[in-house]
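Q: One structure, pasted below without further comment.
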Amino acid sequence: MTEIFRRHWPGDTDRPALALHCMMASAGYWGPIAERLEGKVDLHGFDMPGHGRSGPWQPEANGPDYHTATTRIAASFINHPLDLIGHSMGATVALRIALAAPEAIRSLTLIEPVLFAAAPDEMVAVQPDGDLERLISEGRDEEATRQFLAAWGTQSYDVLPDDMKDRMRACVRLVAACTPDLMRDRANLLREGGLEAITAPVLLISGEQSPPSIHAIAETLASRLPDVGRAVVPDAGHMAPITHPDQVAGLIDVNLDRA
């Protein structure tokens with residue numbers, strides 16, 4: 001099993017919470033969010049396999065795919081109801097956990113969930129990183145990384161230091177490994193009656209400047225969730241937790257109060 005680096009921002013021990021980060025990053029960016037929540041929750045996180053300070057992803061023969069393995073790691077943090085927060089791919093993992101065990105979720109905050117299977121095909125077809133799978137299949141990992149960061153990151157690949165470029169190139173194949181889950185809903189997150197069974201308060205947060213597909217995903221999910229709110233962070237894009245921590249933390253706080 002890949003060694004997983006755990007993170008903890010202490011707070012109210014009667015209010016456990018788990019935050020799940022996006023691809024090509026690490027759980028460290030939840031630190032400023034935790035600081036702004038001022039101990040309201042006892043926040044835990046972890047670096048996904050192949051990210052941050054965790055070990056590299058080591059798939060096993062007949063073992064789980066990357067999305068499933070990450071979901072199982074996240075679920076291992078849960079021993080009683082908690083507040084669950086996820087961003088991007090991490091938001092799809094959070095949603096998968098809430099679907100599997102709705103009774104374990106006190107509140108659910110989904111920031112830019114990239115469940116592209118929930119968006120219209122014509123929007124997905126014009127995704128800014130639409131060539132990612134092809135580039136990787138051709139062994140053009142550097143170009144794929146550059147394209148991914150241009151679409152979803154906060155910095156251009158070309159301005160990054162060499163060691164960070166190396167880490168990003170190593171991660172980009174993990175992005176492609178999740179394509180069946182995000183584009184084709186391999187985990188069946190959109191199954192009939194699933195979303196409707198999540199009774200915890202849900203908040204969907206989007207960046208104002210994010211691609212149309214992101215807003216379409218939020219609209220689809222919101223139309224089926226029983227107790228849901230939506231929020232748009234002005235002037236923000238996909239990486240709102242990093243670029244706009246004040247606004248994102250404030251919105252998370254609102255959803256915590258709803259629970």
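Chain identifiers are assigned as A, B, and so on, following the order in which chains appear in the structure tokens; residues are numbered from 1 within each chain, and ligands are numbered from 1 in order of appearance.
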Excluding segment 38-50 of chain A and any residue of its chain fewer than 3 positions from it, enumerate the residues within 6 Å of it, using only C-alpha atoms, and give them as a ChimeraX atom specification.

A: /A:5-13,15-19,26-27,35,54-57

Q: Using C-alpha atoms, can you write the selected residues to a file as a PDB file, in the first residue's frame?

A:
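The result, written out as part-v2.pdb:
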ATOM      1  CA  PHE A   5       0.792  11.522   4.378  1.00  0.00           C
ATOM      2  CA  ARG A   6      -1.895  12.729   6.771  1.00  0.00           C
ATOM      3  CA  ARG A   7      -2.562  16.319   7.767  1.00  0.00           C
ATOM      4  CA  HIS A   8      -4.443  17.730  10.753  1.00  0.00           C
ATOM      5  CA  TRP A   9      -5.636  21.194  11.706  1.00  0.00           C
ATOM      6  CA  PRO A  10      -6.905  20.886  15.302  1.00  0.00           C
ATOM      7  CA  GLY A  11     -10.280  22.260  16.287  1.00  0.00           C
ATOM      8  CA  ASP A  12     -13.478  21.238  18.040  1.00  0.00           C
ATOM      9  CA  THR A  13     -13.065  17.504  18.597  1.00  0.00           C
ATOM     10  CA  ARG A  15     -16.982  18.373  15.125  1.00  0.00           C
ATOM     11  CA  PRO A  16     -14.668  16.202  12.972  1.00  0.00           C
ATOM     12  CA  ALA A  17     -14.226  17.165   9.328  1.00  0.00           C
ATOM     13  CA  LEU A  18     -12.344  15.847   6.317  1.00  0.00           C
ATOM     14  CA  ALA A  19     -11.142  17.907   3.334  1.00  0.00           C
ATOM     15  CA  SER A  26      -1.799  18.429  -2.047  1.00  0.00           C
ATOM     16  CA  ALA A  27      -3.900  18.776   1.079  1.00  0.00           C
ATOM     17  CA  GLU A  35      -7.174  28.990   9.791  1.00  0.00           C
ATOM     18  CA  SER A  54       2.479  10.729  -0.011  1.00  0.00           C
ATOM     19  CA  GLY A  55       4.175   7.860  -1.770  1.00  0.00           C
ATOM     20  CA  PRO A  56       3.745   7.197  -5.483  1.00  0.00           C
ATOM     21  CA  TRP A  57       0.642   5.472  -6.762  1.00  0.00           C
TER      22      TRP A  57
END

Q: Report as a compact mmCIF listing (two decimals) with C-alpha atoms, in the first residue's frame all protein, DNA and RNA residues lying within 10 Å of segment 221-226 of chain A, evaluated on only C-alpha atoms, omitting residues in the same chain fewer than 4 positions from it.

A:
# COMPACT_ATOMS: atom_id res chain seq x y z
CA PRO A 113 -16.89 18.81 -8.59
CA LEU A 115 -18.10 14.96 -12.59
CA ALA A 118 -23.27 15.27 -15.38
CA ALA A 119 -22.67 18.00 -18.00
CA LEU A 190 -25.51 9.53 -11.08
CA GLU A 192 -31.25 6.66 -10.01
CA GLY A 193 -32.19 7.50 -6.45
CA GLY A 194 -28.61 7.98 -5.27
CA LEU A 195 -28.30 11.74 -4.99
CA GLU A 196 -31.85 11.94 -3.67
CA ALA A 197 -30.83 9.83 -0.65
CA ILE A 198 -28.26 12.37 0.59
CA THR A 199 -30.18 14.16 3.32
CA ALA A 200 -27.28 16.17 4.79
CA PRO A 201 -27.13 19.84 3.78
CA VAL A 202 -25.06 20.21 0.62
CA LEU A 203 -23.38 23.35 -0.69
CA LEU A 204 -22.11 23.53 -4.28
CA ALA A 216 -23.70 22.76 -15.68
CA ILE A 217 -22.46 20.02 -13.34
CA ARG A 230 -25.39 26.99 -4.57

Q: I'd like the contact shell of segment 231-238 of chain A - 6 Å cut-off, only C-alpha atoms, skipping same-chain residues fewer than 2 positions apart - returned as a VMD selection string.

A: chain A and resid 152 205 to 210 240

Q: Looking only at the backbone, which of the residues in segment 120-188 of chain A does DSSP tag as alpha helix (DSSP H), as a PyMOL selection string?

A: chain A and resi 121-124+132-137+141-152+162-177+179-182

Q: Any chance you can output those residues with N, CA and C atoms as a CSV table (one decimal), in the first residue's frame?

A:
chain,number,residue,atom,x,y,z
A,121,ASP,N,-23.0,16.8,-23.3
A,121,ASP,CA,-21.9,16.3,-24.1
A,121,ASP,C,-21.2,17.4,-24.9
A,122,GLU,N,-22.0,18.4,-25.3
A,122,GLU,CA,-21.4,19.5,-26.2
A,122,GLU,C,-20.5,20.4,-25.3
A,123,MET,N,-20.8,20.5,-24.0
A,123,MET,CA,-19.9,21.3,-23.2
A,123,MET,C,-18.6,20.5,-22.9
A,124,VAL,N,-18.7,19.2,-22.7
A,124,VAL,CA,-17.5,18.4,-22.4
A,124,VAL,C,-16.6,18.3,-23.6
A,132,LEU,N,-6.1,15.8,-23.4
A,132,LEU,CA,-5.2,15.2,-22.4
A,132,LEU,C,-5.0,13.7,-22.7
A,133,GLU,N,-6.0,13.0,-22.8
A,133,GLU,CA,-5.9,11.5,-23.0
A,133,GLU,C,-5.0,11.2,-24.3
A,134,ARG,N,-5.3,11.9,-25.3
A,134,ARG,CA,-4.5,11.6,-26.6
A,134,ARG,C,-3.0,12.0,-26.4
A,135,LEU,N,-2.7,13.1,-25.7
A,135,LEU,CA,-1.4,13.5,-25.5
A,135,LEU,C,-0.6,12.5,-24.7
A,136,ILE,N,-1.3,12.0,-23.7
A,136,ILE,CA,-0.6,11.0,-22.8
A,136,ILE,C,-0.4,9.7,-23.5
A,137,SER,N,-1.4,9.3,-24.3
A,137,SER,CA,-1.3,8.0,-25.1
A,137,SER,C,-0.1,8.1,-26.1
A,141,ASP,N,3.8,13.7,-22.2
A,141,ASP,CA,3.3,14.0,-20.9
A,141,ASP,C,3.5,15.5,-20.5
A,142,GLU,N,4.7,16.1,-21.0
A,142,GLU,CA,4.9,17.5,-20.7
A,142,GLU,C,3.9,18.4,-21.3
A,143,GLU,N,3.5,18.1,-22.6
A,143,GLU,CA,2.5,18.9,-23.2
A,143,GLU,C,1.1,18.7,-22.5
A,144,ALA,N,0.9,17.5,-22.1
A,144,ALA,CA,-0.4,17.2,-21.4
A,144,ALA,C,-0.4,18.0,-20.1
A,145,THR,N,0.7,18.0,-19.4
A,145,THR,CA,0.7,18.8,-18.1
A,145,THR,C,0.6,20.3,-18.3
A,146,ARG,N,1.2,20.8,-19.4
A,146,ARG,CA,1.1,22.2,-19.7
A,146,ARG,C,-0.4,22.5,-20.0
A,147,GLN,N,-1.0,21.7,-20.8
A,147,GLN,CA,-2.4,21.9,-21.1
A,147,GLN,C,-3.3,21.9,-19.9
A,148,PHE,N,-3.1,20.9,-19.0
A,148,PHE,CA,-4.0,20.7,-17.9
A,148,PHE,C,-3.8,21.9,-16.9
A,149,LEU,N,-2.6,22.4,-16.7
A,149,LEU,CA,-2.4,23.5,-15.8
A,149,LEU,C,-3.0,24.8,-16.4
A,150,ALA,N,-2.9,24.9,-17.7
A,150,ALA,CA,-3.5,26.1,-18.4
A,150,ALA,C,-5.0,26.2,-18.2
A,151,ALA,N,-5.6,25.0,-18.2
A,151,ALA,CA,-7.0,24.9,-18.0
A,151,ALA,C,-7.5,25.1,-16.6
A,152,TRP,N,-6.8,24.4,-15.7
A,152,TRP,CA,-7.3,24.3,-14.3
A,152,TRP,C,-6.4,24.8,-13.2
A,162,ASP,N,11.9,23.6,-11.7
A,162,ASP,CA,12.1,22.3,-12.4
A,162,ASP,C,11.6,21.1,-11.5
A,163,ASP,N,11.8,21.2,-10.2
A,163,ASP,CA,11.4,20.1,-9.3
A,163,ASP,C,9.9,20.0,-9.3
A,164,MET,N,9.2,21.1,-9.4
A,164,MET,CA,7.7,21.1,-9.4
A,164,MET,C,7.2,20.6,-10.8
A,165,LYS,N,7.9,21.0,-11.8
A,165,LYS,CA,7.6,20.5,-13.1
A,165,LYS,C,7.6,18.9,-13.2
A,166,ASP,N,8.7,18.4,-12.5
A,166,ASP,CA,8.8,16.9,-12.5
A,166,ASP,C,7.7,16.3,-11.7
A,167,ARG,N,7.2,16.9,-10.6
A,167,ARG,CA,6.1,16.3,-9.8
A,167,ARG,C,4.8,16.4,-10.6
A,168,MET,N,4.6,17.5,-11.3
A,168,MET,CA,3.4,17.7,-12.1
A,168,MET,C,3.3,16.7,-13.3
A,169,ARG,N,4.5,16.5,-13.9
A,169,ARG,CA,4.5,15.5,-15.0
A,169,ARG,C,4.2,14.1,-14.5
A,170,ALA,N,4.7,13.8,-13.3
A,170,ALA,CA,4.4,12.5,-12.7
A,170,ALA,C,2.9,12.3,-12.3
A,171,CYS,N,2.3,13.4,-12.0
A,171,CYS,CA,0.9,13.3,-11.6
A,171,CYS,C,-0.1,13.3,-12.8
A,172,VAL,N,0.3,13.8,-14.0
A,172,VAL,CA,-0.7,14.0,-15.0
A,172,VAL,C,-1.3,12.7,-15.5
A,173,ARG,N,-0.6,11.6,-15.4
A,173,ARG,CA,-1.1,10.3,-15.8
A,173,ARG,C,-2.2,9.8,-14.8
A,174,LEU,N,-2.1,10.3,-13.6
A,174,LEU,CA,-3.2,10.0,-12.6
A,174,LEU,C,-4.5,10.7,-13.0
A,175,VAL,N,-4.3,11.9,-13.5
A,175,VAL,CA,-5.5,12.6,-14.0
A,175,VAL,C,-6.2,11.8,-15.1
A,176,ALA,N,-5.4,11.3,-16.1
A,176,ALA,CA,-6.0,10.5,-17.1
A,176,ALA,C,-6.6,9.2,-16.6
A,177,ALA,N,-6.0,8.7,-15.5
A,177,ALA,CA,-6.5,7.4,-15.0
A,177,ALA,C,-8.0,7.6,-14.4
A,179,THR,N,-10.3,9.5,-15.9
A,179,THR,CA,-11.2,9.8,-16.9
A,179,THR,C,-12.4,8.9,-16.9
A,180,PRO,N,-12.3,7.6,-16.8
A,180,PRO,CA,-13.5,6.8,-16.8
A,180,PRO,C,-14.5,7.1,-15.7
A,181,ASP,N,-14.0,7.6,-14.5
A,181,ASP,CA,-14.8,8.0,-13.4
A,181,ASP,C,-15.5,9.3,-13.6
A,182,LEU,N,-14.8,10.3,-14.2
A,182,LEU,CA,-15.3,11.6,-14.3
A,182,LEU,C,-16.1,11.9,-15.5

Q: Using only C-alpha atoms, which of the listed residues (A:Asp253, A:Glu3, A:Asp158, A:Glu103) sits closest to Ile85 of chain A?

A: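 Looking only at the distances to Ile85 of chain A, the closest residue turns out to be A:Asp253.
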
Q: Looking at only C-alpha atoms, which of A:Ala100, A:Val93, A:Val228, A:Val114 is the one that sits closest to Thr70 of chain A?

A: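 Among A:Ala100, A:Val93, A:Val228, A:Val114, it is A:Val93 that comes nearest to Thr70 of chain A.
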